[in-house]
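Source file coords08.txt; content: compact mmCIF, C-alpha atoms.
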```txt
# COMPACT_ATOMS: atom_id res chain seq x y z
CA MET A 1 113.14 34.41 56.86
CA SER A 2 109.78 34.66 55.07
CA THR A 3 106.65 35.31 57.05
CA PRO A 4 104.61 32.18 57.89
CA ARG A 5 101.27 32.54 56.09
CA SER A 6 99.60 29.38 57.38
CA PHE A 7 99.79 26.82 60.13
CA ASP A 8 101.57 24.47 57.71
CA GLU A 9 104.38 26.98 57.15
CA LEU A 10 104.66 27.70 60.87
CA PHE A 11 104.84 23.96 61.58
CA ALA A 12 107.51 23.40 58.93
CA GLY A 13 109.80 26.02 60.50
CA SER A 14 111.82 25.72 63.69
CA ALA A 15 110.90 27.89 66.69
CA PRO A 16 113.59 30.60 67.16
CA TRP A 17 113.98 29.81 70.87
CA LEU A 18 115.22 26.30 70.02
CA ARG A 19 118.21 27.46 67.98
CA GLY A 20 120.78 27.10 70.77
CA GLU A 21 121.91 30.69 70.34
CA GLY A 22 122.35 33.67 72.64
CA PRO A 23 124.24 34.23 75.89
CA HIS A 24 124.64 31.15 78.12
CA ALA A 25 122.76 29.03 75.56
CA GLU A 26 124.51 25.90 76.85
CA MET A 27 122.50 26.33 80.07
CA VAL A 28 119.55 28.66 79.34
CA LEU A 29 117.27 27.43 76.54
CA SER A 30 115.04 30.49 76.40
CA THR A 31 113.95 33.74 77.99
CA ARG A 32 110.33 34.88 77.98
CA ILE A 33 108.56 38.10 78.86
CA ARG A 34 104.77 37.93 79.06
CA LEU A 35 102.45 40.90 79.57
CA ALA A 36 98.79 40.44 80.59
CA ARG A 37 96.36 43.09 79.29
CA ASN A 38 92.59 43.53 79.09
CA LEU A 39 90.37 45.91 77.16
CA ARG A 40 88.42 48.54 79.06
CA ASP A 41 84.63 48.09 79.41
CA ILE A 42 84.67 44.47 78.20
CA PRO A 43 84.19 41.67 80.77
CA PHE A 44 87.15 39.42 81.45
CA THR A 45 87.30 36.39 79.15
CA HIS A 46 85.60 33.94 81.53
CA ARG A 47 82.57 36.28 81.90
CA ALA A 48 82.40 37.71 78.38
CA ARG A 49 79.86 36.54 75.80
CA ASP A 50 81.15 34.89 72.63
CA GLU A 51 80.24 37.93 70.49
CA GLN A 52 82.32 40.12 72.82
CA LEU A 53 85.27 37.75 72.46
CA HIS A 54 84.92 37.88 68.68
CA GLY A 55 85.10 41.66 69.04
CA VAL A 56 88.30 41.40 71.09
CA LEU A 57 89.87 39.19 68.42
CA ALA A 58 88.99 41.70 65.70
CA SER A 59 90.25 44.68 67.75
CA VAL A 60 93.58 43.06 68.55
CA VAL A 61 94.24 41.97 64.95
CA SER A 62 93.38 45.46 63.72
CA ALA A 63 95.78 46.97 66.28
CA THR A 64 98.69 44.82 65.04
CA GLN A 65 98.71 46.24 61.52
CA PRO A 66 100.25 49.71 62.22
CA SER A 67 103.07 48.03 64.20
CA LYS A 68 106.40 47.39 62.43
CA LEU A 69 106.97 44.42 64.74
CA LEU A 70 103.56 42.82 64.25
CA ALA A 71 102.17 43.82 60.82
CA ASP A 72 101.37 40.99 58.40
CA GLY A 73 101.75 38.26 60.99
CA LEU A 74 99.74 35.06 61.24
CA LEU A 75 96.39 34.76 63.05
CA LEU A 76 95.27 31.27 64.03
CA ARG A 77 91.75 30.90 65.42
CA MET A 78 91.51 28.04 67.89
CA GLN A 79 88.00 27.05 66.83
CA ASP A 80 89.20 26.54 63.23
CA MET A 81 92.00 24.15 64.20
CA THR A 82 92.09 20.43 64.93
CA PRO A 83 92.92 19.23 68.47
CA ILE A 84 96.34 18.03 67.26
CA GLU A 85 97.14 21.39 65.66
CA ARG A 86 96.19 23.21 68.85
CA GLN A 87 98.38 20.83 70.87
CA VAL A 88 101.30 21.52 68.52
CA LEU A 89 101.08 25.18 69.56
CA VAL A 90 101.13 24.14 73.23
CA GLU A 91 104.20 21.96 72.64
CA ARG A 92 105.95 24.90 70.95
CA HIS A 93 105.26 27.14 73.97
CA LEU A 94 103.16 29.46 71.80
CA VAL A 95 99.87 28.90 73.64
CA SER A 96 98.82 27.67 77.07
CA HIS A 97 96.78 24.52 77.72
CA GLU A 98 93.79 26.76 78.50
CA LEU A 99 93.96 28.56 75.15
CA GLY A 100 94.53 25.26 73.36
CA ASP A 101 91.17 23.77 74.34
CA GLY A 102 89.47 25.50 71.41
CA ALA A 103 86.13 25.80 73.20
CA ARG A 104 85.56 29.56 72.75
CA PRO A 105 86.52 32.36 70.31
CA ARG A 106 90.23 32.43 70.99
CA GLY A 107 93.34 32.83 68.90
CA ILE A 108 97.08 33.26 68.65
CA TYR A 109 98.70 36.01 66.58
CA VAL A 110 102.32 35.30 65.62
CA ALA A 111 104.59 38.15 64.47
CA PRO A 112 106.47 37.68 61.18
CA ASP A 113 109.78 36.79 62.87
CA ASP A 114 108.12 34.39 65.37
CA ARG A 115 109.76 36.11 68.36
CA VAL A 116 106.59 37.89 69.50
CA SER A 117 103.11 36.42 69.76
CA ILE A 118 99.79 37.35 71.35
CA MET A 119 97.42 34.88 72.96
CA ILE A 120 93.94 36.37 72.53
CA ASN A 121 91.11 35.60 74.98
CA GLU A 122 93.03 33.30 77.27
CA GLU A 123 92.53 34.15 80.98
CA ASP A 124 93.05 37.79 79.93
CA HIS A 125 92.07 39.41 76.63
CA LEU A 126 95.75 39.65 75.61
CA ARG A 127 98.79 37.70 76.73
CA LEU A 128 101.64 39.31 74.81
CA GLN A 129 104.79 37.15 74.72
CA ALA A 130 108.37 37.78 73.61
CA LEU A 131 110.49 34.63 73.48
CA THR A 132 114.23 34.69 72.79
CA PRO A 133 116.92 31.98 72.72
CA GLY A 134 119.49 31.92 75.51
CA PHE A 135 119.63 34.30 78.48
CA GLN A 136 118.37 37.61 77.04
CA LEU A 137 116.07 39.31 79.52
CA ALA A 138 116.85 42.83 78.29
CA GLU A 139 116.26 41.85 74.66
CA ALA A 140 112.99 40.03 75.47
CA TRP A 141 111.78 42.97 77.58
CA SER A 142 112.63 45.44 74.81
CA LEU A 143 110.63 43.39 72.29
CA ALA A 144 107.63 43.05 74.62
CA ASP A 145 107.70 46.71 75.69
CA ARG A 146 107.88 48.02 72.13
CA THR A 147 105.05 45.73 71.05
CA ASP A 148 102.94 46.78 74.04
CA ASP A 149 103.51 50.46 73.19
CA ASP A 150 102.45 49.83 69.58
CA LEU A 151 99.22 48.10 70.63
CA ASP A 152 98.51 50.80 73.21
CA GLN A 153 98.18 53.30 70.33
CA SER A 154 95.04 51.50 69.11
CA LEU A 155 93.66 49.63 72.13
CA ASP A 156 92.08 51.07 75.28
CA TYR A 157 93.56 48.99 78.10
CA ALA A 158 91.82 48.40 81.43
CA TYR A 159 94.04 50.44 83.74
CA SER A 160 93.78 51.95 87.21
CA ASP A 161 96.02 54.79 88.42
CA GLU A 162 96.00 53.16 91.85
CA ILE A 163 96.54 49.51 90.89
CA GLY A 164 97.98 49.49 87.38
CA TYR A 165 96.83 47.06 84.69
CA LEU A 166 93.68 45.17 85.69
CA THR A 167 93.76 41.40 85.18
CA ALA A 168 91.42 38.45 85.66
CA CYS A 169 93.69 36.96 88.33
CA PRO A 170 94.82 39.32 91.13
CA THR A 171 98.33 37.82 91.08
CA ASN A 172 98.89 39.41 87.64
CA ALA A 173 97.52 42.87 88.45
CA GLY A 174 99.85 45.88 88.47
CA THR A 175 102.47 45.48 85.77
CA GLY A 176 100.92 42.30 84.36
CA LEU A 177 104.47 41.09 83.78
CA ARG A 178 105.81 37.56 84.00
CA ALA A 179 109.49 37.17 83.21
CA SER A 180 110.92 33.66 83.02
CA VAL A 181 113.97 31.67 82.00
CA LEU A 182 114.03 27.99 81.02
CA ILE A 183 117.29 26.67 82.47
CA HIS A 184 119.07 23.30 82.38
CA LEU A 185 120.65 22.27 85.72
CA PRO A 186 121.84 18.65 85.41
CA ALA A 187 124.99 18.96 87.55
CA LEU A 188 123.08 20.34 90.53
CA VAL A 189 120.58 17.49 90.20
CA LEU A 190 123.28 14.80 89.88
CA LEU A 191 125.17 16.19 92.90
CA GLU A 192 121.88 16.31 94.86
CA GLU A 193 122.21 20.05 95.52
CA ILE A 194 119.14 21.11 93.53
CA GLN A 195 116.66 21.19 96.45
CA ARG A 196 118.86 23.64 98.35
CA VAL A 197 119.08 25.88 95.27
CA LEU A 198 115.34 25.69 94.55
CA LYS A 199 114.55 26.54 98.17
CA SER A 200 116.74 29.64 97.99
CA ILE A 201 115.06 30.67 94.72
CA MET A 202 111.59 30.50 96.27
CA GLN A 203 112.75 32.33 99.39
CA VAL A 204 113.49 35.42 97.29
CA GLY A 205 109.97 35.41 95.79
CA LEU A 206 110.52 33.54 92.54
CA ASN A 207 108.54 30.58 91.17
CA VAL A 208 109.97 27.29 89.91
CA ARG A 209 107.99 25.19 87.43
CA GLY A 210 108.52 22.47 84.84
CA LEU A 211 109.15 22.56 81.08
CA TYR A 212 105.55 23.52 80.27
CA GLY A 213 105.00 26.03 83.08
CA GLU A 214 102.34 25.92 85.76
CA HIS A 215 101.36 22.44 87.01
CA SER A 216 103.83 20.73 84.64
CA GLU A 217 106.24 18.02 85.71
CA ILE A 218 109.97 18.66 86.11
CA MET A 219 111.66 16.59 83.38
CA GLY A 220 115.12 16.51 81.85
CA ASN A 221 116.56 18.68 84.64
CA LEU A 222 114.79 21.65 83.02
CA PHE A 223 113.39 24.33 85.31
CA GLN A 224 111.30 27.39 84.48
CA ILE A 225 112.11 30.21 86.91
CA SER A 226 109.89 33.29 86.98
CA ASN A 227 108.88 36.31 89.07
CA GLN A 228 105.94 35.86 91.40
CA THR A 229 104.87 39.41 92.32
CA THR A 230 103.45 41.97 89.87
CA LEU A 231 101.57 44.36 92.15
CA GLY A 232 103.61 47.11 93.75
CA ARG A 233 106.79 46.30 91.81
CA SER A 234 108.02 47.95 88.64
CA GLU A 235 108.88 45.98 85.53
CA ARG A 236 112.52 46.95 86.02
CA ASP A 237 112.57 45.61 89.60
CA SER A 238 111.04 42.27 88.57
CA ILE A 239 113.41 41.80 85.64
CA GLU A 240 116.52 42.86 87.57
CA SER A 241 115.64 40.46 90.40
CA LEU A 242 115.24 37.53 88.00
CA GLU A 243 118.44 38.54 86.17
CA ARG A 244 120.45 38.65 89.39
CA VAL A 245 119.18 35.31 90.72
CA THR A 246 119.59 33.58 87.34
CA ARG A 247 123.22 34.71 87.10
CA GLN A 248 123.83 33.26 90.56
CA ILE A 249 122.23 29.96 89.51
CA ILE A 250 124.34 29.86 86.33
CA GLU A 251 127.52 30.34 88.39
CA THR A 252 126.43 27.63 90.86
CA GLU A 253 125.71 25.15 88.04
CA GLU A 254 129.03 26.00 86.35
CA ARG A 255 130.94 25.23 89.57
CA ALA A 256 129.01 21.96 89.95
CA ARG A 257 129.90 20.97 86.37
CA GLU A 258 133.57 21.76 87.01
CA ARG A 259 133.55 19.55 90.13
CA MET A 260 131.97 16.68 88.21
CA LEU A 261 134.51 16.97 85.41
CA ARG A 262 137.35 17.01 87.91
CA ASP A 263 136.14 14.21 90.18
CA ALA A 264 134.07 11.93 87.94
CA ARG A 265 134.85 12.68 84.30
CA THR A 266 134.81 9.06 83.12
CA GLN A 267 131.45 8.33 84.79
CA LEU A 268 130.03 11.56 83.34
CA GLU A 269 131.23 10.76 79.82
CA ASP A 270 129.81 7.24 80.19
CA LYS A 271 126.41 8.70 81.13
CA VAL A 272 126.48 11.06 78.13
CA TRP A 273 127.48 8.44 75.56
CA ARG A 274 125.04 5.83 76.88
CA ALA A 275 122.28 8.42 76.48
CA TYR A 276 123.42 9.33 72.96
CA GLY A 277 123.70 5.66 71.99
CA THR A 278 120.16 4.96 73.18
CA LEU A 279 118.78 7.91 71.21
CA ARG A 280 120.85 7.07 68.13
CA PHE A 281 119.81 3.40 67.91
CA CYS A 282 116.47 3.07 69.76
CA ARG A 283 113.53 1.38 68.05
CA THR A 284 110.78 2.45 70.48
CA ILE A 285 110.93 5.25 73.02
CA GLN A 286 108.59 7.39 75.14
CA ALA A 287 108.54 11.19 75.08
CA LYS A 288 109.65 11.52 78.70
CA GLU A 289 112.64 9.25 78.08
CA VAL A 290 113.72 11.37 75.11
CA ILE A 291 113.66 14.48 77.30
CA ASN A 292 115.70 12.81 80.05
CA LEU A 293 118.26 11.37 77.60
CA CYS A 294 118.53 14.71 75.81
CA SER A 295 119.40 16.24 79.17
CA ALA A 296 122.51 14.05 79.40
CA VAL A 297 123.48 14.70 75.77
CA ARG A 298 122.96 18.44 76.28
CA LEU A 299 125.42 18.33 79.19
CA GLY A 300 127.91 16.50 76.97
CA VAL A 301 127.59 19.14 74.25
CA ALA A 302 128.21 21.87 76.84
CA MET A 303 131.29 19.93 78.02
CA GLY A 304 132.63 20.02 74.47
CA LEU A 305 132.64 16.26 73.85
CA ASP A 306 133.47 15.57 70.19
CA GLY A 307 131.06 13.57 68.07
CA LEU A 308 127.77 14.74 69.58
CA CYS A 309 125.08 16.64 67.68
CA PRO A 310 124.82 20.47 67.84
CA LEU A 311 122.93 22.09 70.72
CA ARG A 312 120.22 23.18 68.28
CA VAL A 313 119.41 19.56 67.40
CA VAL A 314 119.14 18.52 71.06
CA ASN A 315 116.77 21.43 71.71
CA GLU A 316 114.63 20.62 68.66
CA LEU A 317 114.23 16.99 69.72
CA LEU A 318 112.59 18.17 72.96
CA VAL A 319 109.69 19.53 70.86
CA LEU A 320 109.67 17.46 67.66
CA THR A 321 109.21 14.23 69.64
CA GLN A 322 106.13 15.42 71.52
CA PRO A 323 102.88 13.54 70.66
CA ALA A 324 101.12 16.23 68.60
CA HIS A 325 104.24 17.06 66.57
CA LEU A 326 104.74 13.39 65.73
CA GLN A 327 101.14 12.90 64.62
CA ARG A 328 100.97 16.15 62.63
CA GLN A 329 104.23 15.30 60.87
CA ALA A 330 103.02 11.77 60.07
CA GLY A 331 99.59 13.00 58.99
CA VAL A 332 97.77 10.36 61.06
CA GLU A 333 96.61 9.86 64.62
CA MET A 334 98.51 7.15 66.48
CA THR A 335 98.19 5.00 69.57
CA PRO A 336 100.83 5.56 72.28
CA SER A 337 102.76 2.44 71.20
CA GLU A 338 102.68 3.56 67.55
CA ARG A 339 103.95 6.98 68.61
CA ASN A 340 106.83 5.35 70.51
CA VAL A 341 107.98 3.52 67.37
CA HIS A 342 107.58 6.59 65.17
CA ARG A 343 109.32 8.77 67.76
CA ALA A 344 112.35 6.46 67.73
CA ARG A 345 112.51 6.72 63.92
CA VAL A 346 112.32 10.54 64.04
CA VAL A 347 115.13 10.69 66.62
CA ARG A 348 117.36 8.31 64.66
CA GLU A 349 116.81 10.17 61.40
CA ARG A 350 117.43 13.58 62.97
CA LEU A 351 120.67 12.46 64.62
CA THR A 352 121.85 10.72 61.44
CA ALA A 353 121.20 13.93 59.48
CA ALA A 354 123.08 15.96 62.10
CA GLU A 355 126.09 13.62 61.87
CA ARG A 356 126.06 13.95 58.08
CA GLU A 357 125.88 17.75 58.30
CA THR A 358 128.80 17.80 60.75
CA ARG A 359 130.94 15.61 58.47
CA ASN A 360 130.18 17.94 55.57
CA GLY A 361 131.21 20.97 57.61
CA ASN A 362 127.68 22.35 58.25
CA PRO A 363 127.16 22.12 62.04
```
Produce structure tokens that represent the structure in this file.
Amino acid sequence: MSTPRSFDELFAGSAPWLRGEGPHAEMVLSTRIRLARNLRDIPFTHRARDEQLHGVLASVVSATQPSKLLADGLLLRMQDMTPIERQVLVERHLVSHELGDGARPRGIYVAPDDRVSIMINEEDHLRLQALTPGFQLAEAWSLADRTDDDLDQSLDYAYSDEIGYLTACPTNAGTGLRASVLIHLPALVLLEEIQRVLKSIMQVGLNVRGLYGEHSEIMGNLFQISNQTTLGRSERDSIESLERVTRQIIETEERARERMLRDARTQLEDKVWRAYGTLRFCRTIQAKEVINLCSAVRLGVAMGLDGLCPLRVVNELLVLTQPAHLQRQAGVEMTPSERNVHRARVVRERLTAAERETRNGNP
């Protein structure tokens, strides 16, 4: 894949984490490792002057060039982008809402293969992210760790022998690591067992959030599970804990799906095909409804029902139907009702194309 050289090229491509690949991809959409870092002797972002933040941007970009993983990537400066373009990056899980406001000298640096990116001057000077499809904690950690080591050759991190990495928020101090998985748990929701599972997750010190992380709503039976503690725990401990709990959740969801197939297969298939029919033939539809209907279709794909679109297409619809993506693709700002009509057209066209590809032997 060629390196994206502009926002337009990045927008035209599909995010790697949406490809429906990797271990347990039918249940785990993506795995993310994020490392928070700050530069020594420069105030944290919220206290730094704009000229200091410009300096951080320049230092980080310079540090990427000796790295085999990062060299010749794409730098996007938030102040140079339109509000819709910044929101596209939020919808793709490349930047946070805070970084996407565009108010100060901030940026996102995307590595050539799109798997690694660096948010610059968010809450911390650097938020390094490795994002992989499926359940791949070891792979995501390896990517993030190697990238961090490369940057460490050129940057002087704020570090204390007693505490570890120093961060703007005390909850990130120490390793600065946040490991998370985005997991689809429809059977546990339908069988009304999800609250018991979520309670057990939080009891072992893990966080549960929605599709877009902190403060976001739970939609489409999608849950983001992440470690909570960074101080006093090693990276290995945090990752192994999340790995162990996630495997238990996967097994619990698999058993719930087996029970539903055994006891209520017809009702389950009816739910899946009604959802697919609505998506396939709708004329106006809201973003939240697309996410919830895609949840049912995703379950049907995992069940192996013939005639549905590939997992990759279901995943892509979760992002391509978001408001900023729709407006950027159409090249015009729209009212909510106009977006609903355009969204329905995008969904119909994407599913029609997927059916054509499947008939031609290109799933």
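One finds CA of Gly107 (chain A) at 20.0 Å from CA of Ala158 (chain A).
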So that all listed atoms of region 75-84 of chain A fit with 5 Å spare on each side, what axis-aligned box centre and edge lengths in Å, to one decimal, would you give as AutoDock Vina command-line options?
```
--center_x 92.2 --center_y 26.4 --center_z 65.8 --size_x 18.4 --size_y 26.7 --size_z 15.4
```
Kindly give the distance, in Å, that separates CA of Gln228 (chain A) and CA of Ile194 (chain A), rounded to a single decimal.
19.9 Å
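Here the question is which of A:Leu128, A:Val110, A:Leu69, A:Val297 gets nearest to Arg37 (chain A) using all atoms listed in the file, and that residue is A:Leu128.
Residues in contact range of Val272 (chain A), defined as at most 9 Å between only C-alpha atoms, with sequence neighbours fewer than 4 positions away removed, read Gln267, Leu268, Tyr276, Gly277, Leu293, Ser295, Ala296, Val297, Arg298, Leu299 and Gly300 of chain A.
Here CA of Leu53 (chain A) and CA of Asn38 (chain A) stand 11.4 Å from one another.
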Please provide as a ChimeraX atom specification all residues within 10 Å of Ser30 (chain A), with the sequence filter that same-chain residues fewer than 5 positions apart are discarded (counting only C-alpha atoms).
/A:16-25,131-137,140,180-183,224
Using only C-alpha atoms and a cutoff of 12 Å, can you tell me which residues are near (120.4, 30.0, 86.8) in the file's coordinates, and write them out as number ranges by chain?
A: 24-31, 134-135, 180-188, 194, 197-198, 200-201, 206, 208, 222-226, 242-255
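Minimum distance to Ile120 (chain A) across A:Glu85, A:Glu139, A:Glu98, A:Glu192 (counting all atoms listed in the file) occurs at A:Glu98.
Minimum distance to Ser238 (chain A) across A:Phe11, A:Trp273, A:Trp141, A:Phe281 (counting all atoms listed in the file) occurs at A:Trp141.
When all atoms listed in the file are used to compute distances to Pro66 (chain A), the closest of the residues A:Ala12, A:Leu155, A:Met81, A:Leu279 turns out to be A:Leu155.
Near region 320-322 of chain A, within a cut-off of 8 Å and counting all atoms listed in the file, sit the residues Glu91, Ala287, Val290, Arg343, Val346 and Val347 of chain A, with same-chain residues fewer than 5 positions away left out.
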Kindly indicate which residue among A:Leu317, A:Val90, A:Leu35, A:Met78 lies nearest to His54 (chain A), using only C-alpha atoms for the distances.
A:Met78
Compile the contact shell of region 331-342 of chain A as a PDB file with C-alpha atoms, in the coordinates of the input: residues with an atom at most 10 Å away, counting all atoms listed in the file, same-chain residues fewer than 6 positions apart removed.
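Saved to part.pdb:
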```pdb
ATOM      1  CA  ILE A  84      96.340  18.030  67.260  1.00  0.00           C
ATOM      2  CA  CYS A 282     116.470   3.070  69.760  1.00  0.00           C
ATOM      3  CA  ARG A 283     113.530   1.380  68.050  1.00  0.00           C
ATOM      4  CA  THR A 284     110.780   2.450  70.480  1.00  0.00           C
ATOM      5  CA  ILE A 285     110.930   5.250  73.020  1.00  0.00           C
ATOM      6  CA  GLN A 286     108.590   7.390  75.140  1.00  0.00           C
ATOM      7  CA  ALA A 287     108.540  11.190  75.080  1.00  0.00           C
ATOM      8  CA  THR A 321     109.210  14.230  69.640  1.00  0.00           C
ATOM      9  CA  GLN A 322     106.130  15.420  71.520  1.00  0.00           C
ATOM     10  CA  PRO A 323     102.880  13.540  70.660  1.00  0.00           C
ATOM     11  CA  ALA A 324     101.120  16.230  68.600  1.00  0.00           C
ATOM     12  CA  HIS A 325     104.240  17.060  66.570  1.00  0.00           C
ATOM     13  CA  ARG A 348     117.360   8.310  64.660  1.00  0.00           C
TER      14      ARG A 348
END
```
